[in-house]
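Have a look at model.cif below; it lists mmCIF, C-alpha atoms.
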```cif
data_coords
loop_
_atom_site.label_atom_id
_atom_site.label_comp_id
_atom_site.auth_asym_id
_atom_site.auth_seq_id
_atom_site.Cartn_x
_atom_site.Cartn_y
_atom_site.Cartn_z
CA MET J 1 3.84 -13.88 10.71
CA ALA J 2 0.92 -15.47 8.87
CA LEU J 3 0.82 -18.43 6.48
CA PHE J 4 -0.81 -18.80 3.08
CA GLN J 5 -0.77 -22.21 1.45
CA ARG J 6 -1.68 -23.22 -2.10
CA ASP J 7 -0.99 -26.77 -3.15
CA ASP J 8 2.52 -27.58 -1.84
CA VAL J 9 3.66 -23.95 -1.65
CA ARG J 10 3.69 -22.38 1.81
CA ILE J 11 4.12 -18.59 1.79
CA HIS J 12 4.81 -16.80 5.06
CA PHE J 13 4.01 -13.11 5.21
CA ASP J 14 3.59 -10.19 7.58
CA ASP J 15 0.39 -8.14 7.42
CA GLU J 16 1.07 -4.94 9.34
CA GLY J 17 -1.03 -1.84 9.93
CA ASP J 18 -4.11 -0.34 8.33
CA GLY J 19 -4.80 1.89 5.36
CA PHE J 20 -4.35 1.41 1.64
CA PRO J 21 -2.35 -1.78 1.03
CA ILE J 22 1.22 -2.02 -0.25
CA LEU J 23 2.84 -5.30 -1.27
CA LEU J 24 6.50 -5.37 -0.22
CA ILE J 25 9.16 -7.43 -2.02
CA ALA J 26 12.47 -7.28 -0.18
CA ALA J 27 16.04 -7.49 -1.43
CA GLY J 28 18.17 -10.58 -0.97
CA GLY J 29 18.27 -12.30 -4.34
CA MET J 30 16.97 -15.87 -4.12
CA ARG J 31 16.82 -15.38 -0.34
CA SER J 32 14.36 -12.45 -0.53
CA HIS J 33 12.31 -12.34 2.66
CA ASN J 34 10.53 -9.60 4.55
CA ALA J 35 12.96 -9.29 7.48
CA LEU J 36 15.69 -8.17 5.08
CA TRP J 37 14.10 -4.73 4.83
CA GLU J 38 15.87 -4.07 8.13
CA ASN J 39 19.16 -3.92 6.19
CA ALA J 40 17.93 -1.51 3.51
CA PRO J 41 18.86 2.19 3.34
CA TRP J 42 15.13 2.95 3.22
CA ASN J 43 12.87 0.55 5.11
CA PRO J 44 9.14 0.84 4.28
CA ARG J 45 8.21 -1.23 7.33
CA THR J 46 9.35 1.65 9.53
CA ALA J 47 9.05 4.62 7.16
CA LEU J 48 5.42 3.90 6.29
CA ALA J 49 4.28 2.33 9.56
CA GLY J 50 0.90 3.61 10.66
CA GLU J 51 0.06 5.06 7.24
CA TYR J 52 -0.49 1.97 5.08
CA ARG J 53 -1.30 -1.70 5.32
CA LEU J 54 2.08 -3.32 4.65
CA ILE J 55 2.07 -6.87 3.31
CA GLY J 56 5.60 -8.26 3.22
CA MET J 57 6.16 -11.78 1.97
CA ASP J 58 8.96 -14.31 2.14
CA GLN J 59 9.49 -15.64 -1.40
CA ARG J 60 9.30 -19.39 -1.95
CA ASN J 61 12.20 -21.24 -0.32
CA ALA J 62 13.38 -18.04 1.37
CA GLY J 63 12.87 -16.97 4.95
CA GLU J 64 10.06 -19.12 6.34
CA SER J 65 8.43 -19.93 2.98
CA THR J 66 8.80 -23.34 1.35
CA ALA J 67 7.94 -24.98 -1.98
CA PRO J 68 8.95 -28.01 -4.02
CA VAL J 69 11.74 -27.45 -6.54
CA SER J 70 11.59 -28.42 -10.20
CA GLY J 71 13.38 -27.56 -13.43
CA ASP J 72 10.28 -25.70 -14.57
CA ASP J 73 10.57 -23.12 -11.78
CA GLY J 74 11.36 -19.54 -12.72
CA TRP J 75 10.05 -15.98 -12.60
CA ALA J 76 6.50 -16.99 -13.53
CA ALA J 77 6.23 -19.18 -10.43
CA TYR J 78 7.12 -16.23 -8.21
CA THR J 79 4.65 -13.95 -9.98
CA ALA J 80 1.96 -16.57 -9.42
CA ASP J 81 2.82 -16.73 -5.70
CA GLN J 82 2.71 -12.95 -5.36
CA LEU J 83 -0.63 -12.51 -7.10
CA ALA J 84 -2.09 -15.53 -5.30
CA LEU J 85 -1.22 -13.95 -1.95
CA LEU J 86 -3.10 -10.79 -2.95
CA ASP J 87 -6.04 -12.98 -4.02
CA HIS J 88 -5.94 -14.78 -0.66
CA LEU J 89 -6.11 -11.44 1.14
CA GLY J 90 -8.89 -10.14 -1.12
CA ILE J 91 -6.72 -7.27 -2.39
CA ASP J 92 -7.52 -6.16 -5.94
CA ASP J 93 -6.01 -2.66 -5.70
CA CYS J 94 -2.69 -1.74 -4.08
CA HIS J 95 0.78 -0.24 -4.45
CA VAL J 96 3.88 -2.43 -4.78
CA ILE J 97 7.42 -1.70 -3.56
CA GLY J 98 10.35 -3.90 -4.54
CA MET J 99 14.08 -3.64 -3.90
CA CYS J 100 16.93 -5.39 -5.75
CA ILE J 101 15.39 -8.63 -7.09
CA GLY J 102 12.11 -6.97 -6.21
CA GLY J 103 12.55 -4.83 -9.34
CA PRO J 104 12.13 -7.76 -11.76
CA TYR J 105 9.41 -9.20 -9.53
CA VAL J 106 7.53 -5.90 -9.74
CA ALA J 107 7.99 -5.75 -13.52
CA GLY J 108 6.61 -9.27 -13.80
CA MET J 109 3.50 -8.33 -11.84
CA LEU J 110 2.96 -5.14 -13.84
CA LYS J 111 3.04 -7.23 -17.03
CA ALA J 112 0.76 -9.95 -15.67
CA ALA J 113 -1.83 -7.87 -13.82
CA PRO J 114 -1.33 -4.11 -14.33
CA GLU J 115 -4.89 -3.32 -13.31
CA ARG J 116 -4.13 -4.36 -9.72
CA PHE J 117 -1.44 -1.78 -8.99
CA ARG J 118 -1.93 1.95 -8.48
CA SER J 119 1.80 2.56 -8.50
CA ALA J 120 5.16 0.83 -8.18
CA VAL J 121 8.42 1.77 -6.46
CA MET J 122 11.64 0.04 -7.57
CA LEU J 123 14.69 0.55 -5.38
CA GLN J 124 17.96 -0.29 -7.18
CA PRO J 125 16.44 -2.92 -9.48
CA VAL J 126 18.51 -5.89 -10.56
CA GLY J 127 19.53 -5.99 -14.21
CA ILE J 128 21.80 -7.87 -16.59
CA GLU J 129 24.83 -5.97 -17.90
CA GLY J 130 27.91 -8.17 -18.18
CA ASN J 131 27.26 -9.45 -14.67
CA ARG J 132 25.48 -12.79 -15.18
CA PRO J 133 28.21 -14.80 -13.42
CA VAL J 134 27.57 -13.00 -10.12
CA PHE J 135 23.92 -14.05 -10.26
CA TYR J 136 24.92 -17.62 -11.12
CA ASP J 137 27.14 -17.61 -8.03
CA LEU J 138 24.36 -16.27 -5.80
CA PHE J 139 21.95 -18.89 -7.14
CA ASP J 140 24.45 -21.71 -6.69
CA ASP J 141 25.15 -20.71 -3.07
CA TRP J 142 21.42 -20.62 -2.35
CA ALA J 143 20.80 -23.93 -4.13
CA GLU J 144 23.68 -25.69 -2.36
CA ALA J 145 22.24 -24.76 1.03
CA LEU J 146 18.71 -25.72 0.00
CA ALA J 147 19.37 -28.94 -1.93
CA PRO J 148 19.51 -31.39 1.03
CA ALA J 149 15.87 -30.54 1.84
CA HIS J 150 14.80 -31.15 -1.77
CA PRO J 151 15.58 -34.69 -2.89
CA GLU J 152 12.93 -34.27 -5.60
CA ALA J 153 15.30 -31.98 -7.55
CA ASP J 154 18.35 -33.47 -9.28
CA GLU J 155 21.33 -31.53 -10.66
CA ALA J 156 19.60 -31.05 -14.02
CA ALA J 157 16.58 -29.52 -12.31
CA TRP J 158 18.71 -26.99 -10.43
CA THR J 159 20.59 -26.09 -13.62
CA SER J 160 17.32 -25.55 -15.48
CA TYR J 161 15.92 -23.47 -12.60
CA ARG J 162 19.04 -21.26 -12.63
CA SER J 163 18.76 -20.82 -16.38
CA ASN J 164 15.09 -19.87 -16.12
CA MET J 165 15.96 -17.21 -13.57
CA TRP J 166 19.20 -15.71 -14.85
CA ASP J 167 19.71 -16.42 -18.57
CA GLY J 168 17.47 -13.57 -19.69
CA GLU J 169 18.44 -10.01 -20.54
CA PHE J 170 17.83 -6.53 -19.15
CA MET J 171 15.35 -6.91 -16.22
CA LEU J 172 14.83 -10.65 -16.84
CA THR J 173 11.03 -10.39 -16.54
CA ALA J 174 10.56 -7.49 -18.97
CA THR J 175 12.13 -6.00 -22.09
CA THR J 176 12.35 -2.30 -22.84
CA ASP J 177 9.50 -2.83 -25.31
CA ASP J 178 7.44 -4.37 -22.51
CA LEU J 179 8.06 -1.32 -20.34
CA GLU J 180 6.83 1.02 -23.05
CA SER J 181 3.35 -0.50 -22.67
CA VAL J 182 3.28 -0.27 -18.85
CA GLU J 183 1.07 2.67 -17.90
CA THR J 184 1.46 2.18 -14.14
CA PRO J 185 3.27 5.10 -12.46
CA ILE J 186 6.74 3.91 -11.44
CA LEU J 187 9.26 5.58 -9.14
CA VAL J 188 12.80 4.27 -9.69
CA LEU J 189 15.58 4.82 -7.16
CA ARG J 190 18.81 4.25 -9.05
CA GLY J 191 21.16 1.35 -8.48
CA ASP J 192 24.90 1.82 -8.68
CA ASP J 193 26.76 -1.49 -8.35
CA ILE J 194 27.40 -4.79 -10.11
CA TYR J 195 24.08 -6.31 -9.02
CA HIS J 196 22.02 -3.19 -9.71
CA PRO J 197 23.53 -1.42 -12.75
CA SER J 198 22.72 2.27 -13.10
CA SER J 199 21.88 1.58 -16.73
CA THR J 200 18.95 -0.62 -15.68
CA SER J 201 17.40 2.13 -13.58
CA HIS J 202 17.92 4.69 -16.33
CA ALA J 203 16.38 2.37 -18.93
CA VAL J 204 13.28 1.78 -16.81
CA ALA J 205 12.86 5.52 -16.41
CA ALA J 206 13.43 6.12 -20.13
CA HIS J 207 11.06 3.46 -21.47
CA ALA J 208 8.18 3.27 -18.99
CA PRO J 209 5.90 6.19 -19.96
CA ASN J 210 4.99 7.17 -16.39
CA ALA J 211 8.32 6.58 -14.67
CA THR J 212 10.36 9.00 -12.55
CA LEU J 213 14.03 8.51 -11.61
CA VAL J 214 15.70 9.43 -8.33
CA GLU J 215 19.46 9.27 -8.85
CA GLU J 216 20.88 9.85 -5.35
CA TRP J 217 19.02 8.50 -2.33
CA LYS J 218 20.98 6.27 0.02
CA GLU J 219 22.28 8.50 2.80
CA GLY J 220 22.12 11.83 4.59
CA ASP J 221 20.05 14.64 3.12
CA GLU J 222 19.51 12.66 -0.07
CA LEU J 223 17.90 9.82 1.89
CA GLU J 224 15.63 12.28 3.69
CA ALA J 225 14.65 13.80 0.35
CA ALA J 226 14.01 10.37 -1.12
CA ASP J 227 11.76 9.48 1.81
CA THR J 228 9.73 12.63 1.12
CA THR J 229 9.59 11.80 -2.59
CA ILE J 230 8.42 8.21 -2.01
CA ARG J 231 5.75 9.33 0.44
CA GLY J 232 4.51 11.99 -1.93
CA PHE J 233 4.47 9.54 -4.83
CA LEU J 234 2.41 7.00 -2.88
CA THR J 235 0.02 9.67 -1.64
CA GLN J 236 -0.44 11.04 -5.15
CA HIS J 237 -1.49 7.63 -6.45
CA SER J 238 -3.59 6.45 -3.51
CA PRO J 239 -7.40 6.48 -3.62
CA GLY J 240 -8.88 9.89 -3.01
CA ALA J 241 -5.69 11.76 -3.95
CA SER J 242 -7.47 13.83 -6.59
CA GLU J 243 -10.42 14.69 -4.41
CA GLY J 244 -10.83 18.16 -2.96
#
```
Have the structure of the file written as C-alpha cells, please.
Amino acid sequence: MALFQRDDVRIHFDDEGDGFPILLIAAGGMRSHNALWENAPWNPRTALAGEYRLIGMDQRNAGESTAPVSGDDGWAAYTADQLALLDHLGIDDCHVIGMCIGGPYVAGMLKAAPERFRSAVMLQPVGIEGNRPVFYDLFDDWAEALAPAHPEADEAAWTSYRSNMWDGEFMLTATTDDLESVETPILVLRGDDIYHPSSTSHAVAAHAPNATLVEEWKEGDELEAADTTIRGFLTQHSPGASEG
C-alpha cells in the first residue's frame, strides 16, 4: 500500500496492475477502504486483475487513511481527496467504480470533474428514502470509535459533520436534475435493501442520459452475466474501443 499526503490528510491506496486506470471506491459507509472489496459479490480487484490499472483508496479516517476532523467536513472533502489522488498519480483520464457509499462519491466526482472519467460503474448506490436514521447510526458508531484520536473535534463538530454527510436527499451529492446533465456513461447495478434502495438505482438510470441498469446481479448465473456486462461496458468506453 502506498501513501499520498496533502496538508494533514494522509491517504493510503493500492496501485495494482497495468493498463487503462480505474479508480475504485469500496463499500463500507464511513469506513470505506479498499480491502472491503473482498466482501463484495463482485470484486474488481480480482475480476479485472491483469486487465486494468486498479487504484483503490482508503477514504479519510477509514482503513489506513487519516485526516483531522472538523464540523466543515462533508462530501466535498472526500471529492477533493479523490481528485487529488488522481492528480498525484498524473491520471487525467480513467474509469471509476464505486459500491454502496461509492455511488454518491462517484456522483460527486462526475459533477466536479466529468471530463476526467470515461465511464462510471455504481454497484448498489446508497440513497435516502425514509432510511436516514440508519445512516445516522452508522455515522455515530464510526465517530464513537474515532473520537478518542481526534481531540480537535468537539460534539458540535461531529454533529455538524454528520449533518453535512447525511441530511441531504436522494444520492446526497447529486439531485435528479444534476444527473440529467451528466453525459458520462454510467452502469448501475441495482440495490435492494434499506441502505441501497432500489428506487435510487432506478432513478439514476432514468435521469442520467447515458445510464444502463442491471437489475439482478449478485449470485449464480446473474453474477456471471453481470461480470460479462461490466467488462463489456468498460471495454466499450476505454481508449481505442472504436478503432478498427
Suppose a student applies the PyMOL selection byres ((chain J and resi 45-50) around 10) to this structure; what residues should they get, written as a ChimeraX atom specification? /J:16-19,22,24,34-35,37-38,42-44,51-56,227,230-231
Decode the PyMOL selection byres ((chain J and resi 173) around 12) for the given file into explicit residues and return them as a PyMOL selection string. chain J and resi 74-79+101-112+125-128+164-172+174-179
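One finds CA of Asn131 in chain J at 12.4 Å from CA of Ser199 in chain J.
Within 10 Å of the file-frame point (14.8, -11.3, 4.6), and using all atoms listed in the file, the polymer residues found are Ile25, Ala26, Ala27, Gly28, Gly29, Arg31, Ser32, His33, Asn34, Ala35, Leu36, Trp37, Glu38, Asn39, Gly56, Met57, Asp58, Gln59, Ala62, Gly63 and Glu64 of chain J.
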Residue neighbourhood Leu138 in chain J, 8 Å, all atoms listed in the file, exclusion window fewer than 3 positions, as a PyMOL selection string: chain J and resi 29-30+134-135+141-142
Fewer than 5 positions away in the same chain doesn't count, so skip those; otherwise give me all residues within 10 Å of Ala2 in chain J, counting all atoms listed in the file, as a PyMOL selection string. chain J and resi 11-15+57
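Of the residues listed (J:His196, J:His95, J:His202, J:Arg10), J:His95 shows the shortest atom-to-atom separation from Phe117 in chain J; distances use all atoms listed in the file.
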Kindly output range 113-136 of chain J as a PDB file, in the frame of the given file, after building N, CA and C atoms.
```pdb
ATOM      1  N   ALA J 113      -0.576  -8.371 -14.394  1.00  0.00           N
ATOM      2  CA  ALA J 113      -1.830  -7.870 -13.820  1.00  0.00           C
ATOM      3  C   ALA J 113      -1.736  -6.371 -13.535  1.00  0.00           C
ATOM      4  N   PRO J 114      -1.533  -5.544 -14.563  1.00  0.00           N
ATOM      5  CA  PRO J 114      -1.330  -4.110 -14.330  1.00  0.00           C
ATOM      6  C   PRO J 114      -2.506  -3.422 -13.664  1.00  0.00           C
ATOM      7  N   GLU J 115      -3.697  -3.962 -13.867  1.00  0.00           N
ATOM      8  CA  GLU J 115      -4.890  -3.320 -13.310  1.00  0.00           C
ATOM      9  C   GLU J 115      -4.942  -3.383 -11.790  1.00  0.00           C
ATOM     10  N   ARG J 116      -4.083  -4.172 -11.169  1.00  0.00           N
ATOM     11  CA  ARG J 116      -4.130  -4.360  -9.720  1.00  0.00           C
ATOM     12  C   ARG J 116      -3.250  -3.380  -8.961  1.00  0.00           C
ATOM     13  N   PHE J 117      -2.435  -2.595  -9.676  1.00  0.00           N
ATOM     14  CA  PHE J 117      -1.440  -1.780  -8.990  1.00  0.00           C
ATOM     15  C   PHE J 117      -1.602  -0.303  -9.334  1.00  0.00           C
ATOM     16  N   ARG J 118      -1.824   0.503  -8.302  1.00  0.00           N
ATOM     17  CA  ARG J 118      -1.930   1.950  -8.480  1.00  0.00           C
ATOM     18  C   ARG J 118      -0.587   2.573  -8.841  1.00  0.00           C
ATOM     19  N   SER J 119       0.462   2.044  -8.234  1.00  0.00           N
ATOM     20  CA  SER J 119       1.800   2.560  -8.500  1.00  0.00           C
ATOM     21  C   SER J 119       2.825   1.518  -8.085  1.00  0.00           C
ATOM     22  N   ALA J 120       4.067   1.733  -8.514  1.00  0.00           N
ATOM     23  CA  ALA J 120       5.160   0.830  -8.180  1.00  0.00           C
ATOM     24  C   ALA J 120       6.403   1.639  -7.841  1.00  0.00           C
ATOM     25  N   VAL J 121       7.120   1.197  -6.819  1.00  0.00           N
ATOM     26  CA  VAL J 121       8.420   1.770  -6.460  1.00  0.00           C
ATOM     27  C   VAL J 121       9.468   0.685  -6.616  1.00  0.00           C
ATOM     28  N   MET J 122      10.511   0.962  -7.394  1.00  0.00           N
ATOM     29  CA  MET J 122      11.640   0.040  -7.570  1.00  0.00           C
ATOM     30  C   MET J 122      12.883   0.691  -6.981  1.00  0.00           C
ATOM     31  N   LEU J 123      13.457   0.062  -5.975  1.00  0.00           N
ATOM     32  CA  LEU J 123      14.690   0.550  -5.380  1.00  0.00           C
ATOM     33  C   LEU J 123      15.846  -0.304  -5.893  1.00  0.00           C
ATOM     34  N   GLN J 124      16.794   0.331  -6.564  1.00  0.00           N
ATOM     35  CA  GLN J 124      17.960  -0.290  -7.180  1.00  0.00           C
ATOM     36  C   GLN J 124      17.637  -1.647  -7.806  1.00  0.00           C
ATOM     37  N   PRO J 125      16.831  -1.648  -8.879  1.00  0.00           N
ATOM     38  CA  PRO J 125      16.440  -2.920  -9.480  1.00  0.00           C
ATOM     39  C   PRO J 125      17.607  -3.684 -10.087  1.00  0.00           C
ATOM     40  N   VAL J 126      17.548  -4.984  -9.942  1.00  0.00           N
ATOM     41  CA  VAL J 126      18.510  -5.890 -10.560  1.00  0.00           C
ATOM     42  C   VAL J 126      18.396  -5.798 -12.079  1.00  0.00           C
ATOM     43  N   GLY J 127      19.528  -5.943 -12.756  1.00  0.00           N
ATOM     44  CA  GLY J 127      19.530  -5.990 -14.210  1.00  0.00           C
ATOM     45  C   GLY J 127      20.772  -6.692 -14.726  1.00  0.00           C
ATOM     46  N   ILE J 128      20.695  -7.145 -15.961  1.00  0.00           N
ATOM     47  CA  ILE J 128      21.800  -7.870 -16.590  1.00  0.00           C
ATOM     48  C   ILE J 128      22.621  -6.904 -17.450  1.00  0.00           C
ATOM     49  N   GLU J 129      23.892  -6.773 -17.118  1.00  0.00           N
ATOM     50  CA  GLU J 129      24.830  -5.970 -17.900  1.00  0.00           C
ATOM     51  C   GLU J 129      26.234  -6.489 -17.669  1.00  0.00           C
ATOM     52  N   GLY J 130      26.596  -7.573 -18.345  1.00  0.00           N
ATOM     53  CA  GLY J 130      27.910  -8.170 -18.180  1.00  0.00           C
ATOM     54  C   GLY J 130      28.164  -8.738 -16.804  1.00  0.00           C
ATOM     55  N   ASN J 131      27.112  -9.024 -16.065  1.00  0.00           N
ATOM     56  CA  ASN J 131      27.260  -9.450 -14.670  1.00  0.00           C
ATOM     57  C   ASN J 131      26.590 -10.789 -14.379  1.00  0.00           C
ATOM     58  N   ARG J 132      26.207 -11.536 -15.407  1.00  0.00           N
ATOM     59  CA  ARG J 132      25.480 -12.790 -15.180  1.00  0.00           C
ATOM     60  C   ARG J 132      26.206 -13.743 -14.234  1.00  0.00           C
ATOM     61  N   PRO J 133      27.543 -13.869 -14.324  1.00  0.00           N
ATOM     62  CA  PRO J 133      28.210 -14.800 -13.420  1.00  0.00           C
ATOM     63  C   PRO J 133      27.961 -14.524 -11.935  1.00  0.00           C
ATOM     64  N   VAL J 134      27.790 -13.269 -11.544  1.00  0.00           N
ATOM     65  CA  VAL J 134      27.570 -13.000 -10.120  1.00  0.00           C
ATOM     66  C   VAL J 134      26.202 -13.526  -9.688  1.00  0.00           C
ATOM     67  N   PHE J 135      25.231 -13.511 -10.597  1.00  0.00           N
ATOM     68  CA  PHE J 135      23.920 -14.050 -10.260  1.00  0.00           C
ATOM     69  C   PHE J 135      23.931 -15.579 -10.265  1.00  0.00           C
ATOM     70  N   TYR J 136      24.717 -16.180 -11.167  1.00  0.00           N
ATOM     71  CA  TYR J 136      24.920 -17.620 -11.120  1.00  0.00           C
ATOM     72  C   TYR J 136      25.496 -18.028  -9.760  1.00  0.00           C
TER      73      TYR J 136
END
```
